[in-house]
Every structure is written in C-alpha cells, then in structure tokens.
$ cat protein_5.cif   # mmCIF, C-alpha atoms
data_input
#
loop_
_atom_site.group_PDB
_atom_site.id
_atom_site.type_symbol
_atom_site.label_atom_id
_atom_site.label_comp_id
_atom_site.auth_asym_id
_atom_site.auth_seq_id
_atom_site.Cartn_x
_atom_site.Cartn_y
_atom_site.Cartn_z
ATOM 1 C CA MET A 1 82.566 86.050 82.691
ATOM 2 C CA ALA A 2 81.207 87.235 86.014
ATOM 3 C CA HIS A 3 84.470 87.741 87.889
ATOM 4 C CA GLU A 4 86.941 87.739 84.959
ATOM 5 C CA PRO A 5 89.935 89.701 86.419
ATOM 6 C CA GLN A 6 89.319 88.129 89.838
ATOM 7 C CA GLN A 7 88.616 84.596 88.656
ATOM 8 C CA ALA A 8 91.857 83.254 90.135
ATOM 9 C CA LEU A 9 90.839 84.667 93.521
ATOM 10 C CA HIS A 10 87.439 82.981 93.357
ATOM 11 C CA ASN A 11 89.088 79.720 92.263
ATOM 12 C CA PHE A 12 91.391 79.700 95.298
ATOM 13 C CA GLN A 13 90.689 76.854 97.725
ATOM 14 C CA PRO A 14 92.131 76.617 101.261
ATOM 15 C CA GLN A 15 94.563 73.717 101.736
ATOM 16 C CA HIS A 16 95.733 74.415 105.291
ATOM 17 C CA GLU A 17 94.384 75.766 108.591
ATOM 18 C CA PHE A 18 96.414 78.969 108.348
ATOM 19 C CA PHE A 19 96.560 81.724 105.687
ATOM 20 C CA VAL A 20 99.259 84.334 105.077
ATOM 21 C CA GLY A 21 99.007 87.261 102.654
ATOM 22 C CA ILE A 22 102.251 89.048 101.787
ATOM 23 C CA ASP A 23 102.738 92.411 100.103
ATOM 24 C CA SER A 24 105.587 92.638 97.571
ATOM 25 C CA ASP A 25 107.131 96.085 96.923
ATOM 26 C CA GLY A 26 108.955 97.372 100.000
ATOM 27 C CA CYS A 27 107.983 94.260 101.930
ATOM 28 C CA VAL A 28 109.533 91.312 100.101
ATOM 29 C CA PHE A 29 111.716 93.332 97.713
ATOM 30 C CA ASN A 30 113.693 96.523 98.365
ATOM 31 C CA SER A 31 112.079 98.038 95.283
ATOM 32 C CA MET A 32 110.152 101.018 96.644
ATOM 33 C CA GLU A 33 112.893 103.651 96.434
ATOM 34 C CA VAL A 34 114.089 102.776 92.941
ATOM 35 C CA LYS A 35 110.567 102.432 91.518
ATOM 36 C CA HIS A 36 109.324 105.709 92.923
ATOM 37 C CA ASN A 37 112.484 107.785 92.433
ATOM 38 C CA ASP A 38 113.511 106.484 89.008
ATOM 39 C CA CYS A 39 110.229 105.389 87.432
ATOM 40 C CA PHE A 40 107.110 107.072 88.821
ATOM 41 C CA SER A 41 108.113 110.669 89.519
ATOM 42 C CA VAL A 42 110.426 110.865 86.482
ATOM 43 C CA ASN A 43 107.529 109.915 84.223
ATOM 44 C CA LEU A 44 105.215 112.385 85.972
ATOM 45 C CA VAL A 45 107.654 115.179 85.093
ATOM 46 C CA LYS A 46 107.968 113.871 81.534
ATOM 47 C CA HIS A 47 104.314 113.276 80.642
ATOM 48 C CA PHE A 48 102.844 116.349 82.337
ATOM 49 C CA GLY A 49 105.525 118.919 81.460
ATOM 50 C CA LEU A 50 106.635 119.599 85.049
ATOM 51 C CA ALA A 51 110.387 119.953 84.478
ATOM 52 C CA SER A 52 110.491 123.417 86.078
ATOM 53 C CA ILE A 53 109.321 121.952 89.409
ATOM 54 C CA SER A 54 111.061 118.577 89.141
ATOM 55 C CA ARG A 55 112.486 118.845 92.659
ATOM 56 C CA GLN A 56 109.061 119.522 94.160
ATOM 57 C CA VAL A 57 107.531 116.661 92.156
ATOM 58 C CA HIS A 58 110.087 114.251 93.600
ATOM 59 C CA GLN A 59 109.588 115.645 97.100
ATOM 60 C CA ALA A 60 105.809 115.322 96.960
ATOM 61 C CA TRP A 61 105.900 111.918 95.272
ATOM 62 C CA ASP A 62 108.303 110.481 97.855
ATOM 63 C CA PHE A 63 106.244 111.809 100.765
ATOM 64 C CA VAL A 64 103.000 110.335 99.426
ATOM 65 C CA ASN A 65 104.453 106.980 98.422
ATOM 66 C CA LEU A 66 107.358 106.324 100.794
ATOM 67 C CA TYR A 67 107.380 108.468 103.913
ATOM 68 C CA SER A 68 103.796 108.964 105.079
ATOM 69 C CA THR A 69 100.527 107.293 106.024
ATOM 70 C CA THR A 70 99.707 106.910 102.308
ATOM 71 C CA ARG A 71 102.818 104.763 101.636
ATOM 72 C CA GLY A 72 101.933 101.938 99.260
ATOM 73 C CA THR A 73 98.828 103.552 97.799
ATOM 74 C CA ASN A 74 97.662 102.722 94.276
ATOM 75 C CA ARG A 75 99.473 104.696 91.552
ATOM 76 C CA PHE A 76 96.329 106.425 90.274
ATOM 77 C CA LYS A 77 95.354 107.595 93.725
ATOM 78 C CA ALA A 78 98.965 108.609 94.326
ATOM 79 C CA ILE A 79 99.161 110.898 91.294
ATOM 80 C CA LEU A 80 96.033 112.716 92.508
ATOM 81 C CA LEU A 81 97.461 113.190 96.013
ATOM 82 C CA VAL A 82 100.793 114.380 94.623
ATOM 83 C CA CYS A 83 99.186 116.946 92.326
ATOM 84 C CA ASP A 84 97.051 118.206 95.208
ATOM 85 C CA PHE A 85 100.173 118.689 97.345
ATOM 86 C CA LEU A 86 102.048 120.393 94.498
ATOM 87 C CA ARG A 87 99.304 122.978 94.058
ATOM 88 C CA GLU A 88 99.654 123.852 97.763
ATOM 89 C CA MET A 89 103.408 124.451 97.627
ATOM 90 C CA ALA A 90 104.382 128.124 97.841
ATOM 91 C CA LEU A 91 107.251 127.841 95.343
ATOM 92 C CA VAL A 92 105.047 126.075 92.782
ATOM 93 C CA GLN A 93 102.468 128.849 93.133
ATOM 94 C CA LYS A 94 105.120 131.577 92.816
ATOM 95 C CA MET A 95 106.462 130.006 89.632
ATOM 96 C CA GLY A 96 103.005 129.988 88.088
ATOM 97 C CA VAL A 97 103.232 126.332 87.083
ATOM 98 C CA THR A 98 99.950 124.735 86.069
ATOM 99 C CA VAL A 99 99.654 121.445 87.924
ATOM 100 C CA PRO A 100 96.975 119.160 86.429
ATOM 101 C CA GLU A 101 93.683 118.908 88.327
ATOM 102 C CA LEU A 102 92.734 115.546 86.756
ATOM 103 C CA PRO A 103 88.988 115.715 87.546
ATOM 104 C CA TYR A 104 88.091 112.787 85.283
ATOM 105 C CA LEU A 105 90.796 110.550 86.780
ATOM 106 C CA ARG A 106 89.559 111.531 90.250
ATOM 107 C CA GLU A 107 86.004 110.552 89.373
ATOM 108 C CA TRP A 108 87.182 107.232 87.903
ATOM 109 C CA ALA A 109 89.440 106.434 90.870
ATOM 110 C CA GLU A 110 86.561 107.027 93.300
ATOM 111 C CA THR A 111 84.241 104.553 91.577
ATOM 112 C CA GLU A 112 86.531 101.882 90.106
ATOM 113 C CA THR A 113 88.078 99.261 92.424
ATOM 114 C CA LYS A 114 90.304 97.488 89.885
ATOM 115 C CA LEU A 115 92.619 100.465 89.518
ATOM 116 C CA GLY A 116 94.915 99.162 86.802
ATOM 117 C CA ASN A 117 95.648 99.837 83.148
ATOM 118 C CA PRO A 118 93.010 97.408 81.787
ATOM 119 C CA ALA A 119 90.178 99.168 83.646
ATOM 120 C CA LEU A 120 91.589 102.577 82.665
ATOM 121 C CA GLN A 121 91.716 101.487 79.013
ATOM 122 C CA SER A 122 88.033 100.549 79.199
ATOM 123 C CA ALA A 123 87.247 103.983 80.606
ATOM 124 C CA ILE A 124 89.207 105.640 77.792
ATOM 125 C CA GLU A 125 87.324 103.668 75.147
ATOM 126 C CA ASN A 126 84.026 104.905 76.591
ATOM 127 C CA ALA A 127 85.155 108.526 76.894
ATOM 128 C CA THR A 128 85.086 111.506 74.540
ATOM 129 C CA GLY A 129 86.477 115.038 74.436
ATOM 130 C CA GLU A 130 88.392 116.352 77.462
ATOM 131 C CA ARG A 131 87.689 113.206 79.459
ATOM 132 C CA HIS A 132 89.253 111.044 76.746
ATOM 133 C CA ASP A 133 92.288 113.332 76.450
ATOM 134 C CA GLU A 134 92.926 113.459 80.193
ATOM 135 C CA LEU A 135 92.590 109.723 80.782
ATOM 136 C CA SER A 136 94.758 109.022 77.728
ATOM 137 C CA GLN A 137 97.499 111.259 79.133
ATOM 138 C CA VAL A 138 97.310 109.406 82.446
ATOM 139 C CA MET A 139 97.530 106.104 80.569
ATOM 140 C CA ALA A 140 100.648 107.308 78.715
ATOM 141 C CA TRP A 141 102.203 108.122 82.106
ATOM 142 C CA SER A 142 101.239 104.725 83.561
ATOM 143 C CA LEU A 143 102.615 102.852 80.550
ATOM 144 C CA GLY A 144 105.773 104.946 80.772
ATOM 145 C CA VAL A 145 106.136 103.926 84.412
ATOM 146 C CA ASN A 146 105.793 100.255 83.473
ATOM 147 C CA GLU A 147 108.417 100.608 80.741
ATOM 148 C CA SER A 148 110.826 102.257 83.178
ATOM 149 C CA VAL A 149 110.220 99.551 85.782
ATOM 150 C CA ALA A 150 110.913 96.821 83.205
ATOM 151 C CA GLU A 151 114.128 98.569 82.120
ATOM 152 C CA ILE A 152 115.477 99.545 85.538
ATOM 153 C CA VAL A 153 114.083 97.302 88.254
ATOM 154 C CA TYR A 154 115.827 93.945 88.152
ATOM 155 C CA ASN A 155 118.540 92.149 90.101
ATOM 156 C CA LEU A 156 116.783 93.142 93.331
ATOM 157 C CA PRO A 157 116.900 90.113 95.637
ATOM 158 C CA PRO A 158 114.356 89.691 98.428
ATOM 159 C CA PHE A 159 115.180 91.039 101.882
ATOM 160 C CA PRO A 160 117.155 88.656 104.108
ATOM 161 C CA GLY A 161 114.696 86.408 105.914
ATOM 162 C CA VAL A 162 112.025 86.388 103.201
ATOM 163 C CA ARG A 163 113.001 83.102 101.578
ATOM 164 C CA GLU A 164 113.453 81.423 104.972
ATOM 165 C CA THR A 165 110.007 82.673 106.031
ATOM 166 C CA LEU A 166 108.351 81.351 102.882
ATOM 167 C CA GLN A 167 110.061 77.995 103.378
ATOM 168 C CA ARG A 168 108.861 77.751 106.993
ATOM 169 C CA LEU A 169 105.298 78.535 105.931
ATOM 170 C CA GLN A 170 105.300 75.622 103.479
ATOM 171 C CA GLY A 171 102.964 72.815 104.463
ATOM 172 C CA LYS A 172 101.466 74.859 107.308
ATOM 173 C CA ALA A 173 99.811 77.879 105.683
ATOM 174 C CA ASP A 174 98.253 78.911 102.384
ATOM 175 C CA VAL A 175 100.348 81.839 101.119
ATOM 176 C CA ILE A 176 99.374 84.411 98.488
ATOM 177 C CA VAL A 177 100.854 87.685 97.282
ATOM 178 C CA VAL A 178 98.566 90.657 98.029
ATOM 179 C CA SER A 179 99.779 93.712 96.116
ATOM 180 C CA ALA A 180 98.832 96.937 94.331
ATOM 181 C CA THR A 181 101.615 96.360 91.781
ATOM 182 C CA PRO A 182 100.661 95.313 88.215
ATOM 183 C CA ASP A 183 100.459 91.547 87.743
ATOM 184 C CA GLU A 184 103.136 91.462 85.040
ATOM 185 C CA ALA A 185 105.797 93.096 87.242
ATOM 186 C CA LEU A 186 104.880 90.925 90.236
ATOM 187 C CA LYS A 187 105.138 87.670 88.327
ATOM 188 C CA ARG A 188 108.425 88.731 86.726
ATOM 189 C CA GLU A 189 109.997 89.772 90.035
ATOM 190 C CA TRP A 190 108.864 86.687 91.968
ATOM 191 C CA ALA A 191 109.976 84.381 89.142
ATOM 192 C CA GLU A 192 113.362 86.103 88.792
ATOM 193 C CA HIS A 193 114.227 85.046 92.341
ATOM 194 C CA GLU A 194 112.387 81.697 92.219
ATOM 195 C CA LEU A 195 109.952 82.675 94.955
ATOM 196 C CA GLU A 196 106.734 81.955 93.056
ATOM 197 C CA ARG A 197 107.040 78.261 93.998
ATOM 198 C CA TYR A 198 106.198 79.187 97.599
ATOM 199 C CA VAL A 199 102.871 80.931 96.923
ATOM 200 C CA ALA A 200 99.502 79.621 95.765
ATOM 201 C CA LEU A 201 98.512 82.845 94.006
ATOM 202 C CA ILE A 202 99.958 86.214 92.965
ATOM 203 C CA ALA A 203 97.311 88.955 93.111
ATOM 204 C CA GLY A 204 98.102 92.402 91.702
ATOM 205 C CA GLN A 205 96.217 95.626 91.016
ATOM 206 C CA GLU A 206 94.231 94.181 88.106
ATOM 207 C CA MET A 207 92.499 91.820 90.566
ATOM 208 C CA GLY A 208 91.180 94.682 92.702
ATOM 209 C CA THR A 209 92.134 96.142 96.057
ATOM 210 C CA LYS A 210 94.100 94.357 98.748
ATOM 211 C CA THR A 211 90.924 94.170 100.801
ATOM 212 C CA GLU A 212 89.185 92.437 97.895
ATOM 213 C CA HIS A 213 92.094 89.982 97.548
ATOM 214 C CA LEU A 214 91.827 89.014 101.213
ATOM 215 C CA THR A 215 88.021 89.060 101.337
ATOM 216 C CA ILE A 216 87.623 86.652 98.439
ATOM 217 C CA THR A 217 90.413 84.236 99.413
ATOM 218 C CA ALA A 218 90.397 84.275 103.221
ATOM 219 C CA LYS A 219 87.534 86.034 105.011
ATOM 220 C CA ASP A 220 85.363 83.574 106.984
ATOM 221 C CA ARG A 221 87.240 80.642 105.438
ATOM 222 C CA TYR A 222 89.760 80.039 108.240
ATOM 223 C CA PRO A 223 89.524 79.749 112.050
ATOM 224 C CA GLU A 224 89.773 82.952 114.109
ATOM 225 C CA ASN A 225 93.316 84.412 114.301
ATOM 226 C CA HIS A 226 94.528 82.011 111.592
ATOM 227 C CA VAL A 227 94.768 84.729 108.889
ATOM 228 C CA LEU A 228 97.829 87.007 108.827
ATOM 229 C CA MET A 229 98.846 89.862 106.510
ATOM 230 C CA LEU A 230 102.503 90.950 106.247
ATOM 231 C CA GLY A 231 103.064 94.428 104.825
ATOM 232 C CA ASP A 232 104.985 97.684 104.971
ATOM 233 C CA SER A 233 102.218 100.247 104.477
ATOM 234 C CA PRO A 234 99.114 101.532 106.286
ATOM 235 C CA GLY A 235 97.118 100.199 103.325
ATOM 236 C CA ASP A 236 98.277 96.691 104.222
ATOM 237 C CA LEU A 237 97.191 97.229 107.822
ATOM 238 C CA LYS A 238 93.810 98.541 106.670
ATOM 239 C CA ALA A 239 93.274 95.524 104.407
ATOM 240 C CA ALA A 240 94.075 93.195 107.300
ATOM 241 C CA ARG A 241 91.647 94.989 109.598
ATOM 242 C CA ASP A 242 88.948 95.010 106.929
ATOM 243 C CA VAL A 243 88.847 91.198 107.041
ATOM 244 C CA ASP A 244 89.603 90.791 110.767
ATOM 245 C CA ALA A 245 93.062 89.407 110.022
ATOM 246 C CA LEU A 246 96.216 89.712 112.104
ATOM 247 C CA PHE A 247 98.971 92.044 110.877
ATOM 248 C CA PHE A 248 102.757 91.888 110.979
ATOM 249 C CA PRO A 249 104.516 95.135 109.935
ATOM 250 C CA VAL A 250 107.717 95.134 107.910
ATOM 251 C CA ASN A 251 108.975 98.499 109.115
ATOM 252 C CA PRO A 252 110.261 100.909 106.424
ATOM 253 C CA GLY A 253 113.992 101.409 106.951
ATOM 254 C CA ALA A 254 114.260 98.375 109.242
ATOM 255 C CA GLU A 255 113.108 95.625 106.900
ATOM 256 C CA ASP A 256 115.956 93.206 107.729
ATOM 257 C CA ALA A 257 115.272 93.497 111.453
ATOM 258 C CA SER A 258 111.529 93.035 110.871
ATOM 259 C CA TRP A 259 111.981 89.802 108.923
ATOM 260 C CA ALA A 260 114.474 88.533 111.508
ATOM 261 C CA HIS A 261 111.958 89.268 114.271
ATOM 262 C CA PHE A 262 109.196 87.470 112.394
ATOM 263 C CA LEU A 263 111.411 84.404 111.972
ATOM 264 C CA ASP A 264 112.584 84.486 115.598
ATOM 265 C CA GLU A 265 109.246 85.107 117.276
ATOM 266 C CA GLY A 266 106.302 86.225 115.132
ATOM 267 C CA ILE A 267 105.853 83.071 113.075
ATOM 268 C CA ASN A 268 105.826 80.815 116.149
ATOM 269 C CA ARG A 269 103.343 83.083 117.929
ATOM 270 C CA PHE A 270 101.106 82.954 114.853
ATOM 271 C CA PHE A 271 101.088 79.166 114.634
ATOM 272 C CA ASN A 272 100.754 78.785 118.424
ATOM 273 C CA GLU A 273 97.803 81.251 118.541
ATOM 274 C CA GLN A 274 99.721 83.664 120.800
ATOM 275 C CA TYR A 275 99.870 86.548 118.317
ATOM 276 C CA ALA A 276 96.737 88.641 118.915
ATOM 277 C CA GLY A 277 96.643 91.133 121.769
ATOM 278 C CA THR A 278 99.540 92.988 123.383
ATOM 279 C CA TYR A 279 102.222 91.505 121.106
ATOM 280 C CA GLN A 280 100.504 92.619 117.889
ATOM 281 C CA ASP A 281 99.401 95.963 119.366
ATOM 282 C CA GLU A 282 102.976 96.933 120.238
ATOM 283 C CA LEU A 283 104.228 96.009 116.768
ATOM 284 C CA ILE A 284 101.534 98.118 115.113
ATOM 285 C CA GLN A 285 102.147 101.104 117.394
ATOM 286 C CA THR A 286 105.851 101.148 116.530
ATOM 287 C CA PHE A 287 105.007 100.836 112.823
ATOM 288 C CA GLN A 288 102.488 103.695 112.838
ATOM 289 C CA GLU A 289 104.936 106.057 114.547
ATOM 290 C CA LEU A 290 107.280 105.699 111.548
ATOM 291 C CA LEU A 291 104.862 107.232 109.022
ATOM 292 C CA PRO A 292 103.624 110.816 109.579
ATOM 293 C CA GLU A 293 100.464 112.318 108.129
ATOM 294 C CA THR A 294 101.701 115.916 107.714
ATOM 295 C CA PRO A 295 104.257 116.711 104.984
ATOM 296 C CA PRO A 296 107.510 118.509 105.972
ATOM 297 C CA TRP A 297 106.712 121.581 103.822
ATOM 298 C CA HIS A 298 103.702 122.294 106.057
#
$ encode --input "protein_5.cif" --output "structure tokens"
Amino acid sequence: MAHEPQQALHNFQPQHEFFVGIDSDGCVFNSMEVKHNDCFSVNLVKHFGLASISRQVHQAWDFVNLYSTTRGTNRFKAILLVCDFLREMALVQKMGVTVPELPYLREWAETETKLGNPALQSAIENATGERHDELSQVMAWSLGVNESVAEIVYNLPPFPGVRETLQRLQGKADVIVVSATPDEALKREWAEHELERYVALIAGQEMGTKTEHLTITAKDRYPENHVLMLGDSPGDLKAARDVDALFFPVNPGAEDASWAHFLDEGINRFFNEQYAGTYQDELIQTFQELLPETPPWH
C-alpha cells in the first residue's frame, strides 16, 4: 500500500475547528529519566562492550537525551550523537576504548524518515557484510531497549493536570499523540492509565517524524492559529514551527507547573485566539533557556 505505516495518519479526518498534538515521554508521562537511565544507556554499554566507560556513556546519553537542545531526539540519531561525544572525551581517549563509528547507521538515519525497528529490519534484510553486521548490532541494542522498557517502565501515572487538560479538550479540539516513541510502548502506556479514550490517534516513530505526523493530519486543514503542539523538547518546537502551529512548552523539571499554567491560562488563550504573539514568545524563550547546546565536559 502507498502509505502503509502512515495509513492511519492519512485516514485522519478533522472533527473540530481546533487541533492539539501532544508528545508523550517527558510531556504526559514522567518517563524520560527512567527510560534513558535504566533502559537506553544500560543497553548501549551491554551491546557495544562499553563497560569500562559506563559512567561516560551515561553522562553523554543523559546530556543528549535529557539536558540539551537535542532532548527528545529519535533513538537512532541519539546513539550517533552519543558515540560522537564519547570519542571527544579526554578520559575515553586516554583509556583507549574503541567507540563505534556506526557509518552505515549514520547513512541510514540521514535518508530514512521512519526511524523505527521495522524500517531498520528492512535495511538489514537488504544489507550484506559489514553493513549487515553493524545494523544487526544496532537492532539488538534497540530490541534490548524495548525489552527493558517493557520490564521496567510501568506504574508511571501522567503528570498532574494532563487528564484534566485532555478532558477540557474533549468536544472542542481534535487531539492526537505525536511522539518518537515506538507505537507499542505508546499504546501500552496510554491504555494503562486509560488516556487513549481522549485521543483520536496515537502516532509513534513507525509513522515517521513528528513533522510528518503534524503535516499529514493538520497542516492547512484548520484555521490559522487553531493548531497547537504541546511538548517538552526542541524537536517538538521544531515540528510545530514546520507546520506553522502554535507551541506550548512543558518545561523539563517544572512539568507540574507547566500543566497547571496551561489549564489556568494557556488553554483559554488558545480557544479565544489570544495565544500567538508575546504570550507564546515568552513561554518559548523561557523553555529554550533551560536546554544548553554545549556539554559540561567542554
């Protein structure tokens, strides 16, 4: 089929005058720290033999995925950034540790937009030799991450204010989940807390980038300033800007306060068409100041 992984996006039909896209990890659920500390970086150490620099792996992984402008990036892009940072670290160089270059993953990540395990599996099936071996090792890591997430990440309720927000959006806005998390984990987490009833669609990494999610479902389909993206990462802001949508930041470390502010003021401004301009600009400026570009070891 023409759109297969994205068919649900193409099937989406507006039902209301307003549209809201919501990220999941770190935005709706307080899952970022546990996923990255106990699932992603642990499996990077395990599958690439980096036990001797475990501390540096965790430091680099957390900076890329939690505490910088690349917060919320796709896992396959993240592993490339982390390995690049590790090779720069003085202690890693002194210890003579070989950090993987991953040239074939880099090439794939630069050309593929549906950066998930299904697309990676297709690439593996069409690869031979070193390319096949490298991509297979990356797949083993990614599957290991998913297994760890399934084992560890549960009983994580949504941030205070999330459920109330979703309830207030009902009947007024079309709401979808816009995420770089695998579909399976998203659906499990939203169902566990009975939140899936409030959204028309759950879009994960297998359906493409966040920009693709918003482009297919919302761009040019709603009146001006009637499309809003809520997120906790610069990638969410970029996706919103790519489709000329408004953006509400859920600030890392102040998620409860962010959701309370959205309930108290942001949601009414959105529906009353008083959101764009100074109000949004000040929110975004505060958000961007929280996430540096330069790592602390520089």
$ residues_around --input "protein_5.cif" --residues "region 143-158 of chain A" --least-positions-apart "2" --cutoff "6 Å" --atoms "only C-alpha atoms" --output "ChimeraX atom specification"
/A:28-29,39-40,140-141
$ residues_around --input "protein_5.cif" --residues "Leu44 (chain A)" --least-positions-apart "3" --cutoff "10 Å" --atoms "all atoms listed in the file" --output "list in words"
Cys39, Phe40, Ser41, His47, Phe48, Gly49, Leu50, Ala51, Ser54, Val57, His58, Trp61, Ile79, Val82, Cys83, Val138, Ala140, Trp141, Ser142, Gly144 and Val145 of chain A
$ residues_around --input "protein_5.cif" --residues "Phe287 (chain A)" --least-positions-apart "6" --cutoff "9 Å" --atoms "only C-alpha atoms" --output "PDB file with C-alpha atoms, keeping the file's coordinate frame"
ATOM      1  CA  ASP A 232     104.985  97.684 104.971  1.00  0.00           C
ATOM      2  CA  SER A 233     102.218 100.247 104.477  1.00  0.00           C
ATOM      3  CA  PRO A 234      99.114 101.532 106.286  1.00  0.00           C
ATOM      4  CA  PRO A 249     104.516  95.135 109.935  1.00  0.00           C
ATOM      5  CA  VAL A 250     107.717  95.134 107.910  1.00  0.00           C
ATOM      6  CA  ASN A 251     108.975  98.499 109.115  1.00  0.00           C
ATOM      7  CA  PRO A 252     110.261 100.909 106.424  1.00  0.00           C
TER       8      PRO A 252
END
$ closest_residue --input "protein_5.cif" --among "A:Asn30, A:Gln167, A:Ser258, A:Ser24" --to "Gly204 (chain A)" --atoms "only C-alpha atoms"
A:Ser24
$ residues_around --input "protein_5.cif" --residues "Asp62 (chain A)" --least-positions-apart "2" --cutoff "9 Å" --atoms "all atoms listed in the file" --output "VMD selection string"
chain A and resid 33 36 to 37 41 57 to 60 64 to 68 71
$ residues_around --input "protein_5.cif" --residues "Leu263 (chain A)" --least-positions-apart "2" --cutoff "12 Å" --atoms "all atoms listed in the file" --output "PyMOL selection string"
chain A and resi 160-169+248+256-261+265-271
$ closest_atom_pairs --input "protein_5.cif" --of "region 211-273 of chain A" --to "region 103-114 of chain A" --cutoff "12 Å" --atoms "only C-alpha atoms" --output "Markdown table"
| residue | atom | partner | partner_atom | distance |
| --- | --- | --- | --- | --- |
| A:Thr211 | CA | A:Thr113 | CA | 10.2 |
| A:Glu212 | CA | A:Thr113 | CA | 8.8 |
| A:His213 | CA | A:Lys114 | CA | 10.9 |
$ axis_aligned_box --input "protein_5.cif" --around "region 143-162 of chain A" --padding-each-side "6 Å" --output "JSON"
{"center_x": 110.6, "center_y": 95.7, "center_z": 93.2, "size_x": 27.9, "size_y": 30.6, "size_z": 37.4}
$ atom_distance --input "protein_5.cif" --atom1 "CA of Met207 (chain A)" --atom2 "CA of Pro5 (chain A)"
5.3 Å
$ resolve_selection --input "protein_5.cif" --expression "the PyMOL selection byres ((chain A and resi 132) around 12)" --output "list in words"
Leu102, Pro103, Tyr104, Leu105, Trp108, Leu120, Gln121, Ser122, Ala123, Ile124, Glu125, Asn126, Ala127, Thr128, Gly129, Glu130, Arg131, Asp133, Glu134, Leu135, Ser136, Gln137, Val138 and Met139 of chain A
$ atom_distance --input "protein_5.cif" --atom1 "CA of Ala8 (chain A)" --atom2 "CA of Ala240 (chain A)"
20.0 Å
$ resolve_selection --input "protein_5.cif" --expression "the PyMOL selection byres ((chain A and resi 12) around 10)" --output "ChimeraX atom specification"
/A:7-11,13-15,174,176,200-201,216-218
$ write_last_selection --input "protein_5.cif" --atoms "C-alpha atoms" --output "PDB file, keeping the file's coordinate frame"
ATOM      1  CA  GLN A   7      88.616  84.596  88.656  1.00  0.00           C
ATOM      2  CA  ALA A   8      91.857  83.254  90.135  1.00  0.00           C
ATOM      3  CA  LEU A   9      90.839  84.667  93.521  1.00  0.00           C
ATOM      4  CA  HIS A  10      87.439  82.981  93.357  1.00  0.00           C
ATOM      5  CA  ASN A  11      89.088  79.720  92.263  1.00  0.00           C
ATOM      6  CA  GLN A  13      90.689  76.854  97.725  1.00  0.00           C
ATOM      7  CA  PRO A  14      92.131  76.617 101.261  1.00  0.00           C
ATOM      8  CA  GLN A  15      94.563  73.717 101.736  1.00  0.00           C
ATOM      9  CA  ASP A 174      98.253  78.911 102.384  1.00  0.00           C
ATOM     10  CA  ILE A 176      99.374  84.411  98.488  1.00  0.00           C
ATOM     11  CA  ALA A 200      99.502  79.621  95.765  1.00  0.00           C
ATOM     12  CA  LEU A 201      98.512  82.845  94.006  1.00  0.00           C
ATOM     13  CA  ILE A 216      87.623  86.652  98.439  1.00  0.00           C
ATOM     14  CA  THR A 217      90.413  84.236  99.413  1.00  0.00           C
ATOM     15  CA  ALA A 218      90.397  84.275 103.221  1.00  0.00           C
TER      16      ALA A 218
END
$ closest_residue --input "protein_5.cif" --among "A:Thr98, A:Thr181, A:Gln6, A:Gln56" --to "Lys35 (chain A)" --atoms "only C-alpha atoms"
A:Thr181
$ closest_residue --input "protein_5.cif" --among "A:Leu115, A:Met89, A:Ile53, A:Met229" --to "Glu206 (chain A)" --atoms "all atoms listed in the file"
A:Leu115
